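K.L.:
File entry-v1.txt below, compact mmCIF, C-alpha atoms:
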```
# COMPACT_ATOMS: atom_id res chain seq x y z
CA MET A 117 11.92 -96.87 -31.72
CA LYS A 118 13.74 -96.81 -28.40
CA LYS A 119 16.39 -94.48 -29.82
CA GLU A 120 13.69 -92.10 -31.04
CA SER A 121 11.92 -91.96 -27.67
CA MET A 122 15.27 -91.35 -25.96
CA LYS A 123 15.80 -88.39 -28.26
CA GLU A 124 12.34 -87.04 -27.42
CA ALA A 125 13.10 -87.38 -23.72
CA ARG A 126 16.35 -85.44 -24.12
CA LYS A 127 14.51 -82.79 -26.13
CA ALA A 128 11.96 -82.44 -23.32
CA LEU A 129 14.81 -82.12 -20.84
CA VAL A 130 16.39 -79.28 -22.82
CA VAL A 131 13.03 -77.49 -23.16
CA LEU A 132 12.47 -77.83 -19.40
CA ALA A 133 15.93 -76.41 -18.68
CA ILE A 134 15.26 -73.42 -20.99
CA GLU A 135 11.81 -72.82 -19.46
CA LYS A 136 13.05 -73.03 -15.89
CA THR A 137 15.93 -70.61 -16.60
CA LEU A 138 13.76 -68.07 -18.43
CA LEU A 139 11.05 -68.16 -15.75
CA GLU A 140 13.70 -67.56 -13.11
CA VAL A 141 14.52 -64.31 -14.91
CA GLY A 142 10.86 -63.39 -15.27
CA LYS A 143 7.55 -64.37 -16.83
CA THR A 144 7.79 -61.52 -19.34
CA THR A 145 11.24 -62.68 -20.48
CA TYR A 146 9.78 -66.16 -21.03
CA ASP A 147 6.79 -64.76 -22.97
CA GLU A 148 8.93 -62.37 -25.00
CA VAL A 149 11.43 -65.09 -25.95
CA LEU A 150 8.63 -67.44 -27.02
CA GLY A 151 6.96 -64.72 -29.08
CA LYS A 152 10.23 -63.54 -30.66
CA LEU A 153 11.29 -67.08 -31.54
CA TYR A 154 8.07 -67.52 -33.45
CA GLU A 155 8.01 -64.08 -35.01
CA ASP A 156 11.65 -63.83 -36.08
CA HIS A 157 12.51 -67.46 -36.74
CA GLY A 158 9.13 -69.17 -37.14
CA CYS A 159 10.06 -71.69 -34.51
CA TYR A 160 8.76 -73.00 -31.18
CA LEU A 161 10.69 -73.45 -27.97
CA ALA A 162 11.05 -77.17 -28.64
CA ASP A 163 12.77 -76.36 -31.97
CA CYS A 164 15.60 -74.72 -30.01
CA TYR A 165 16.85 -78.24 -29.36
CA GLU A 166 17.95 -78.41 -32.99
CA LYS A 167 18.45 -74.65 -33.46
CA PRO A 168 19.81 -73.27 -30.19
CA GLU A 169 21.36 -70.30 -32.04
CA TYR A 170 17.85 -68.84 -32.48
CA LEU A 171 17.42 -68.74 -28.71
CA ALA A 172 20.85 -67.16 -28.27
CA HIS A 173 19.99 -64.53 -30.89
CA VAL A 174 16.69 -63.57 -29.22
CA LEU A 175 18.34 -63.34 -25.79
CA GLU A 176 21.19 -61.22 -27.18
CA GLU A 177 18.71 -58.82 -28.72
CA LEU A 178 17.08 -58.32 -25.33
CA TYR A 179 20.01 -58.32 -22.93
CA GLY A 180 23.08 -57.65 -25.07
CA PRO A 181 26.32 -59.67 -25.06
CA ASN A 182 25.84 -60.67 -21.41
CA HIS A 183 22.89 -62.87 -22.41
CA THR A 184 25.52 -65.60 -22.18
CA VAL A 185 24.82 -65.66 -18.43
CA ILE A 186 21.32 -67.02 -19.16
CA ILE A 187 22.81 -69.57 -21.54
CA ASP A 188 25.27 -70.61 -18.83
CA SER A 189 22.34 -71.21 -16.47
CA ILE A 190 20.66 -73.46 -19.07
CA LYS A 191 23.94 -75.33 -19.49
CA LYS A 192 24.21 -75.73 -15.73
CA TYR A 193 20.81 -77.43 -15.61
CA LEU A 194 21.88 -79.74 -18.39
CA ALA A 195 25.35 -80.39 -16.97
CA GLU A 196 24.46 -83.78 -15.52
CA THR A 197 23.19 -85.07 -18.85
CA SER A 198 25.75 -83.41 -21.08
CA THR A 199 27.50 -86.71 -21.64
CA GLN A 200 24.61 -87.61 -23.95
CA GLU A 201 25.79 -86.79 -27.45
CA ASP A 202 22.66 -84.80 -28.50
CA ILE A 203 22.70 -82.61 -25.42
CA ALA A 204 26.44 -82.09 -25.63
CA GLN A 205 25.86 -80.98 -29.24
CA PHE A 206 23.13 -78.56 -28.07
CA ILE A 207 25.51 -77.08 -25.51
CA ILE A 208 28.26 -76.62 -28.09
CA LYS A 209 25.86 -74.96 -30.57
CA ILE A 210 24.26 -72.58 -28.07
CA SER A 211 27.69 -71.55 -26.80
CA GLU A 212 28.91 -70.51 -30.25
CA MET B 238 12.74 -50.50 -39.20
CA GLN B 239 9.30 -50.03 -37.62
CA ALA B 240 10.82 -50.55 -34.17
CA ARG B 241 13.55 -47.98 -34.87
CA LEU B 242 11.00 -45.42 -36.03
CA GLU B 243 8.94 -45.98 -32.88
CA LYS B 244 12.05 -45.60 -30.74
CA LEU B 245 12.96 -42.35 -32.48
CA LYS B 246 9.41 -41.04 -31.98
CA SER B 247 9.46 -41.91 -28.30
CA GLN B 248 12.87 -40.21 -27.89
CA LYS B 249 11.51 -37.08 -29.60
CA PHE B 250 8.53 -37.15 -27.25
CA LEU B 251 10.91 -37.52 -24.31
CA LEU B 252 12.91 -34.45 -25.38
CA PHE B 253 9.67 -32.56 -25.99
CA SER B 254 8.39 -33.45 -22.48
CA LEU B 255 11.66 -32.35 -20.88
CA ALA B 256 11.63 -29.04 -22.79
CA VAL B 257 7.95 -28.28 -22.03
CA THR B 258 8.37 -29.02 -18.30
CA GLY B 259 11.49 -26.87 -18.05
CA ILE B 260 9.95 -23.97 -19.95
CA ALA B 261 6.70 -24.16 -17.91
CA ILE B 262 8.59 -23.89 -14.61
CA LEU B 263 10.69 -20.99 -15.94
CA ILE B 264 7.56 -19.14 -17.15
CA ALA B 265 5.86 -19.64 -13.75
CA GLU B 266 9.03 -18.38 -12.07
CA TYR B 267 9.11 -15.37 -14.41
CA ILE B 268 5.50 -14.47 -13.54
CA GLY B 269 6.28 -14.43 -9.85
CA LYS B 270 7.25 -16.43 -6.80
CA GLU B 271 3.65 -17.10 -5.70
CA THR B 272 2.72 -18.44 -9.15
CA ALA B 273 5.84 -20.58 -9.19
CA ILE B 274 5.01 -22.09 -5.78
CA VAL B 275 1.41 -22.99 -6.72
CA PHE B 276 2.28 -24.19 -10.23
CA ALA B 277 5.23 -26.32 -9.13
CA ASN B 278 3.27 -27.89 -6.30
CA TRP B 279 0.52 -28.94 -8.72
CA ILE B 280 2.87 -30.12 -11.49
CA PHE B 281 4.34 -32.55 -8.94
CA VAL B 282 0.97 -34.36 -8.98
CA PRO B 283 0.65 -35.60 -12.60
CA ILE B 284 4.35 -36.21 -13.32
CA PRO B 285 5.15 -38.49 -10.33
CA ALA B 286 1.65 -39.99 -10.83
CA SER B 287 2.56 -40.99 -14.39
CA MET B 288 5.65 -42.78 -13.05
CA LEU B 289 3.51 -44.55 -10.45
CA VAL B 290 0.87 -45.61 -12.99
CA LEU B 291 3.51 -46.93 -15.40
CA ALA B 292 5.28 -48.75 -12.55
CA ILE B 293 2.00 -50.41 -11.51
CA ILE B 294 1.28 -51.41 -15.14
CA SER B 295 4.78 -52.87 -15.41
CA ALA B 296 4.47 -54.73 -12.10
CA LYS B 297 1.10 -56.12 -13.19
CA LYS B 298 2.49 -57.25 -16.56
CA HIS B 299 5.51 -58.95 -14.99
CA GLY B 300 3.53 -60.70 -12.24
CA VAL B 301 5.31 -62.27 -9.29
CA THR B 302 7.25 -64.94 -11.21
CA GLY B 303 11.02 -64.65 -11.36
CA ASN B 304 13.43 -61.98 -10.27
CA HIS B 305 12.16 -59.34 -12.68
CA GLY B 306 8.57 -59.78 -11.48
CA LYS B 307 9.60 -59.12 -7.89
CA ALA B 308 11.89 -56.27 -9.05
CA TRP B 309 8.99 -54.38 -10.64
CA ILE B 310 6.89 -54.78 -7.48
CA ALA B 311 9.75 -53.11 -5.56
CA PHE B 312 9.86 -50.35 -8.19
CA ALA B 313 6.11 -49.79 -7.81
CA VAL B 314 6.64 -49.42 -4.03
CA PHE B 315 9.44 -46.89 -4.70
CA SER B 316 7.18 -44.92 -7.07
CA ALA B 317 4.32 -44.97 -4.54
CA CYS B 318 6.63 -43.70 -1.76
CA TRP B 319 7.88 -40.77 -3.84
CA PHE B 320 4.40 -39.97 -5.14
CA ILE B 321 3.09 -39.85 -1.54
CA ALA B 322 6.10 -37.72 -0.55
CA GLU B 323 5.25 -35.16 -3.26
CA GLN B 324 1.62 -35.00 -2.13
CA VAL B 325 2.62 -34.63 1.54
CA TRP B 326 4.86 -31.74 0.43
CA LEU B 327 1.93 -30.14 -1.45
CA VAL B 328 -0.47 -30.46 1.50
CA GLU B 329 2.09 -29.16 4.01
CA GLU B 330 2.93 -26.15 1.87
CA LEU B 331 -0.39 -25.18 0.27
CA VAL B 332 -2.82 -26.31 2.98
CA TYR B 333 -0.95 -26.05 6.28
CA HIS B 334 1.64 -23.45 5.19
CA GLN B 335 4.35 -25.38 6.99
CA LYS B 336 8.11 -25.56 6.34
CA THR B 337 8.73 -28.28 3.74
CA PHE B 338 12.20 -29.32 4.96
CA PRO B 339 12.37 -31.20 7.22
CA SER B 340 8.82 -32.50 6.91
CA GLY B 341 6.73 -35.65 6.70
CA ALA B 342 7.61 -35.82 2.99
CA ASP B 343 11.21 -36.72 3.89
CA PHE B 344 10.04 -39.95 5.53
CA PHE B 345 8.48 -41.14 2.25
CA TYR B 346 11.41 -39.95 0.08
CA ILE B 347 13.86 -41.82 2.29
CA ILE B 348 11.92 -45.09 2.51
CA GLY B 349 11.67 -44.99 -1.30
CA TYR B 350 15.44 -45.46 -1.69
CA PRO B 351 15.65 -49.03 -0.25
CA SER B 352 12.76 -50.05 -2.53
CA TYR B 353 14.62 -48.72 -5.58
CA PHE B 354 17.80 -50.47 -4.44
CA ILE B 355 15.90 -53.77 -4.05
CA PHE B 356 14.47 -53.28 -7.57
CA ALA B 357 17.95 -52.82 -9.03
CA ILE B 358 19.43 -55.78 -7.16
CA LEU B 359 16.58 -58.13 -8.18
CA TYR B 360 16.75 -56.99 -11.82
CA LEU B 361 20.50 -57.59 -11.99
CA LYS B 362 20.42 -60.83 -9.95
CA PRO B 363 19.97 -63.26 -12.91
CA PHE B 364 23.09 -61.69 -14.46
CA LYS B 365 25.22 -61.69 -11.31
CA SER B 366 27.87 -63.98 -12.74
CA ALA B 367 28.60 -61.34 -15.42
CA ILE B 368 29.16 -58.67 -12.74
CA SER B 369 32.87 -58.63 -12.08
CA LYS B 370 34.59 -57.22 -9.00
CA LYS B 371 36.20 -54.65 -11.30
CA MET B 372 32.75 -53.51 -12.45
CA ILE B 373 31.56 -53.12 -8.83
CA ILE B 374 34.74 -51.25 -7.81
CA LEU B 375 34.58 -48.88 -10.80
CA SER B 376 30.88 -48.13 -10.23
CA SER B 377 31.52 -47.58 -6.53
CA LEU B 378 34.38 -45.20 -7.34
CA VAL B 379 32.07 -43.14 -9.57
CA ALA B 380 29.46 -43.10 -6.77
CA ILE B 381 32.09 -42.05 -4.21
CA ALA B 382 33.36 -39.33 -6.56
CA VAL B 383 29.79 -38.00 -6.67
CA LEU B 384 29.19 -38.48 -2.93
CA VAL B 385 32.31 -36.83 -1.47
CA PRO B 386 31.84 -33.28 -2.83
CA ASP B 387 28.09 -33.54 -2.37
CA LEU B 388 28.35 -34.66 1.27
CA TYR B 389 31.13 -32.15 2.01
CA TRP B 390 28.96 -29.39 0.57
CA THR B 391 25.94 -30.46 2.63
CA LEU B 392 27.83 -30.77 5.93
CA GLU B 393 30.05 -27.72 5.44
CA ASN B 394 27.11 -25.42 4.82
CA SER B 395 24.86 -26.84 7.55
CA THR B 396 26.55 -25.22 10.55
CA ASP B 397 23.49 -23.15 11.43
CA GLU B 398 21.07 -26.04 11.06
CA ASP B 399 19.87 -28.31 13.87
CA GLN B 400 21.43 -31.76 14.05
CA PHE B 401 18.31 -33.54 12.77
CA SER B 402 18.22 -31.41 9.61
CA VAL B 403 21.95 -31.96 9.03
CA ILE B 404 21.59 -35.76 9.31
CA LEU B 405 18.47 -35.70 7.14
CA GLY B 406 20.25 -33.53 4.58
CA ALA B 407 23.19 -35.95 4.52
CA ILE B 408 20.96 -39.01 3.99
CA TYR B 409 20.03 -37.83 0.48
CA PRO B 410 23.52 -37.66 -1.11
CA VAL B 411 24.44 -40.99 0.57
CA SER B 412 21.26 -42.66 -0.73
CA ASP B 413 21.68 -41.15 -4.21
CA SER B 414 25.23 -42.52 -4.40
CA LEU B 415 24.13 -45.96 -3.22
CA VAL B 416 21.47 -46.28 -5.91
CA LEU B 417 23.89 -44.94 -8.51
CA VAL B 418 26.09 -48.07 -8.19
CA PRO B 419 23.57 -50.62 -9.61
CA ALA B 420 22.49 -48.07 -12.24
CA ILE B 421 26.05 -47.85 -13.59
CA ILE B 422 26.40 -51.66 -13.47
CA GLY B 423 23.08 -51.96 -15.34
CA ILE B 424 24.21 -49.74 -18.20
CA ARG B 425 27.49 -51.62 -18.55
CA LEU B 426 25.83 -55.03 -18.24
CA PHE B 427 23.11 -54.58 -20.84
CA LEU B 428 25.12 -52.54 -23.35
CA GLY B 429 23.80 -53.41 -26.83
CA GLY B 430 20.58 -54.99 -25.53
CA LYS B 431 17.06 -53.58 -25.74
CA VAL B 432 16.80 -53.21 -21.94
CA ASN B 433 19.80 -50.87 -21.97
CA PHE B 434 17.57 -47.88 -22.74
CA LEU B 435 15.75 -48.35 -19.40
CA TRP B 436 19.05 -48.47 -17.50
CA THR B 437 20.51 -45.47 -19.34
CA LEU B 438 17.46 -43.37 -18.49
CA MET B 439 17.52 -44.59 -14.90
CA PHE B 440 21.20 -43.67 -14.60
CA VAL B 441 20.60 -40.15 -15.97
CA ALA B 442 17.51 -39.79 -13.74
CA ILE B 443 19.53 -40.65 -10.62
CA LEU B 444 22.36 -38.34 -11.71
CA LEU B 445 19.85 -35.49 -12.07
CA GLU B 446 18.49 -36.39 -8.64
CA VAL B 447 22.03 -36.02 -7.21
CA VAL B 448 22.47 -32.59 -8.80
CA ALA B 449 18.94 -31.53 -7.77
CA ASP B 450 19.44 -32.67 -4.15
CA THR B 451 22.74 -30.76 -3.98
CA GLY B 452 21.10 -27.68 -5.46
CA PHE B 453 18.17 -28.03 -3.06
CA GLN B 454 20.55 -28.19 -0.08
CA TYR B 455 22.55 -25.19 -1.33
CA PHE B 456 19.57 -22.93 -1.98
CA SER B 457 17.74 -24.09 1.19
CA LEU B 458 20.73 -23.15 3.32
CA ASP B 459 20.90 -19.60 2.02
CA ASP B 460 17.10 -19.42 2.26
CA SER B 461 16.67 -18.76 -1.45
CA TYR B 462 14.87 -22.05 -2.18
CA TYR B 463 11.12 -22.14 -2.67
CA THR B 464 8.92 -24.67 -4.47
CA GLY B 465 9.09 -23.75 -8.15
CA HIS B 466 12.74 -22.69 -7.96
CA PRO B 467 14.51 -23.61 -11.26
CA VAL B 468 16.32 -26.42 -9.41
CA ASP B 469 12.94 -28.23 -9.29
CA ILE B 470 13.18 -28.71 -13.05
CA LEU B 471 15.84 -31.37 -12.37
CA PHE B 472 13.52 -33.26 -9.99
CA LEU B 473 10.75 -33.19 -12.60
CA TRP B 474 13.13 -34.33 -15.34
CA SER B 475 14.19 -37.19 -13.14
CA TYR B 476 10.56 -38.39 -12.86
CA ILE B 477 10.09 -37.98 -16.63
CA LEU B 478 13.21 -40.02 -17.41
CA PHE B 479 12.10 -42.78 -15.03
CA SER B 480 8.65 -42.78 -16.66
CA PHE B 481 10.04 -43.05 -20.20
CA GLY B 482 12.38 -45.83 -19.08
CA ILE B 483 9.49 -47.85 -17.68
CA TYR B 484 7.35 -47.10 -20.75
CA ASP B 485 10.12 -48.36 -23.04
CA ASN B 486 10.53 -51.51 -20.95
CA ILE B 487 6.77 -52.17 -21.06
CA LYS B 488 6.98 -51.91 -24.85
CA VAL B 489 10.05 -54.16 -25.11
CA PHE B 490 8.28 -56.90 -23.13
CA GLY B 491 4.75 -56.06 -24.16
CA ASN B 492 4.32 -56.58 -27.88
CA LYS B 493 4.79 -60.28 -28.11
CA MET B 494 2.85 -61.07 -24.95
CA ASN B 495 -0.26 -59.44 -26.37
CA SER B 496 0.16 -60.94 -29.85
CA TYR B 497 0.20 -64.51 -28.69
CA LYS B 498 -2.67 -65.18 -26.34
CA ASP B 499 -2.17 -68.93 -26.53
CA LYS B 500 1.40 -69.07 -25.30
CA GLU B 501 1.19 -72.79 -24.63
CA SER B 502 1.11 -73.35 -28.40
CA LEU B 503 4.53 -71.72 -28.71
CA ARG B 504 6.30 -74.18 -26.40
```
Mind converting the file's structure to structure tokens?
P.N.:
Amino acid sequence: MKKESMKEARKALVVLAIEKTLLEVGKTTYDEVLGKLYEDHGCYLADCYEKPEYLAHVLEELYGPNHTVIIDSIKKYLAETSTQEDIAQFIIKISE
Amino acid sequence: MQARLEKLKSQKFLLFSLAVTGIAILIAEYIGKETAIVFANWIFVPIPASMLVLAIISAKKHGVTGNHGKAWIAFAVFSACWFIAEQVWLVEELVYHQKTFPSGADFFYIIGYPSYFIFAILYLKPFKSAISKKMIILSSLVAIAVLVPDLYWTLENSTDEDQFSVILGAIYPVSDSLVLVPAIIGIRLFLGGKVNFLWTLMFVAILLEVVADTGFQYFSLDDSYYTGHPVDILFLWSYILFSFGIYDNIKVFGNKMNSYKDKESLR
């Protein structure tokens, strides 16, 4: 039970980091990414915790290969917690 | 596939708009100088107005959140400045029959440049870590390569002009070159992404502005310029390219926003 709630907390942390980064770029980027994630991959923002490649794909479609800058910002927000295995795994996957 | 077809259609419409505007100015010019002056003055109402309307729509859609929201507000200010400048030009020429350079219009053209520069900087800001020194140097070199002959031309041929007109004439090539730098960076930065189309059109629009400003200076100095001169086609094309760039960007960031009213459910 405790392990599960820890995982949920880490998931919320990742979602917050993604939201904060996207909103820093712009509200329309945030809206477009959310819409595209659902339309192209049938997933919600929270699902990016398990499938970060979907987020990377949507960002690349919008901004080209330099979308990695946005991913780097997300990673920066998560840097302090990256020692947690799940989050470290998320960072590795989204960086691929 | 649907998106590609739409893109192709919009590009065809862009080419059609450029061709129609160019031909219309040439026909007016062929009819006579007076016709050209009146026609060109009036065509500078709807075309810059369309850029202003699209810029306001874009600013409204983006809101004030994030760098891009603020960037589009700056772009709307730029569009408003240049739209006002065109209308000041029209009133001074058709109503007061005054000389159009230098005139009150120059004040609005010139204050438009910092607004455009702020737009470009704010748009590129979230991607600043991808902007290398090499990219800045190369873009600056291109801008300098454009500026040097342009500035030389302006100053060399301004010997008979008063000092104020010479300085004013020199502000345009300098400002054009300054705004060219972020436009080049933008194209390079977003290569392969959907927003690249906006930056490509903006780059071409600024490049046309450079050529048009140089042409304007050249023909003004030998007193052969008048509103409706073929060089004005380049100014109009510049507005059209800006407008299509904004329109494309509204579409890129517009579809999904409208489809999903309840965005909270997508979190």
K.L.:
Determine, counting only C-alpha atoms, which protein, DNA and RNA residues have an atom within 7 Å of an atom of A:Glu176; residues of the same chain fewer than 5 positions away are not included. Present the result as JSON, numbers by chain.
P.N.:
{"A": [181, 183], "B": [430]}
K.L.:
Between B:Ser376, B:Asp459, B:Asn278, B:Ile264, which has the minimum distance to B:Glu329 (counting all atoms listed in the file)?
P.N.:
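Distance minimum relative to B:Glu329 lands on B:Asn278.
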K.L.:
Which is closest to B:Gly303 among B:Gly452, B:Pro363, B:Pro386, B:Pro283, if we use all atoms listed in the file?
P.N.:
B:Pro363
K.L.:
What are the residues of chain A that have an atom within 6 Å of an atom of chain B, counting only C-alpha atoms, as number ranges by chain?
P.N.:
A: 139-144, 147-148, 151, 160-161, 177-180, 185
K.L.:
Applying 12 Å and all atoms listed in the file, which residues near A:Leu132 remain after dropping the ones on its own chain fewer than 3 positions away? List them as a list of chain:residue names.
P.N.:
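Counting all atoms listed in the file, the residues come to A:Ala125, A:Arg126, A:Lys127, A:Ala128, A:Leu129, A:Glu135, A:Lys136, A:Thr137, A:Leu138, A:Leu139, A:Leu161, A:Ala162, A:Cys164, A:Tyr165, A:Ile190, A:Lys191, A:Tyr193, A:Leu194, B:Arg504.
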K.L.:
Taking 4 positions as the minimum chain separation for residues in the same chain, which residues sit within 8 Å of A:Leu153 when counting all atoms listed in the file? Answer as a VMD selection string.
P.N.:
chain A and resid 149 157 to 161 170 to 171 174
K.L.:
Distance atom CA of B:Ala296-atom CA of B:Phe440, one decimal place?
P.N.:
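Distance between the two atoms: 20.2 Å.
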K.L.:
Would you pick out the contacts of B:Val411 at 9 Å or less, using only C-alpha atoms, so that residues sharing its chain but fewer than 5 positions from it are not included, and give the list as a tab-separated table (two decimals) with C-alpha atoms, in the coordinates of the input?
P.N.:
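File out08.tsv, as written:
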```
chain	number	residue	atom	x	y	z
B	384	LEU	CA	29.19	-38.48	-2.93
B	387	ASP	CA	28.09	-33.54	-2.37
B	388	LEU	CA	28.35	-34.66	1.27
B	416	VAL	CA	21.47	-46.28	-5.91
```
K.L.:
Could you please determine the separation between atom CA of B:Lys244 and atom CA of B:Ile260 in Å, to one decimal place?
P.N.:
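Between these atoms lies a distance of 24.3 Å.
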K.L.:
If you measure from atom CA of B:Ile310 to atom CA of B:Ile483, what distance in Å do you get, rounded to one decimal?
P.N.:
12.6 Å
K.L.:
Out of B:Ser369, B:Gln454, B:Ser461, B:Ser414, which residue has the shortest atom-to-atom distance to B:Phe338 when counting all atoms listed in the file?
P.N.:
B:Gln454
K.L.:
Residues within 8 Å of A:Glu169, please, as number ranges by chain. Count all atoms listed in the file; anything in the same chain fewer than 3 positions from it doesn't count.
P.N.:
A: 164, 172-173, 209-210, 212
K.L.:
Any chance you could export the current selection's C-alpha atoms as a compact mmCIF listing (two decimals), in the coordinates of the input?
P.N.:
```txt
# COMPACT_ATOMS: atom_id res chain seq x y z
CA CYS A 164 15.60 -74.72 -30.01
CA ALA A 172 20.85 -67.16 -28.27
CA HIS A 173 19.99 -64.53 -30.89
CA LYS A 209 25.86 -74.96 -30.57
CA ILE A 210 24.26 -72.58 -28.07
CA GLU A 212 28.91 -70.51 -30.25
```
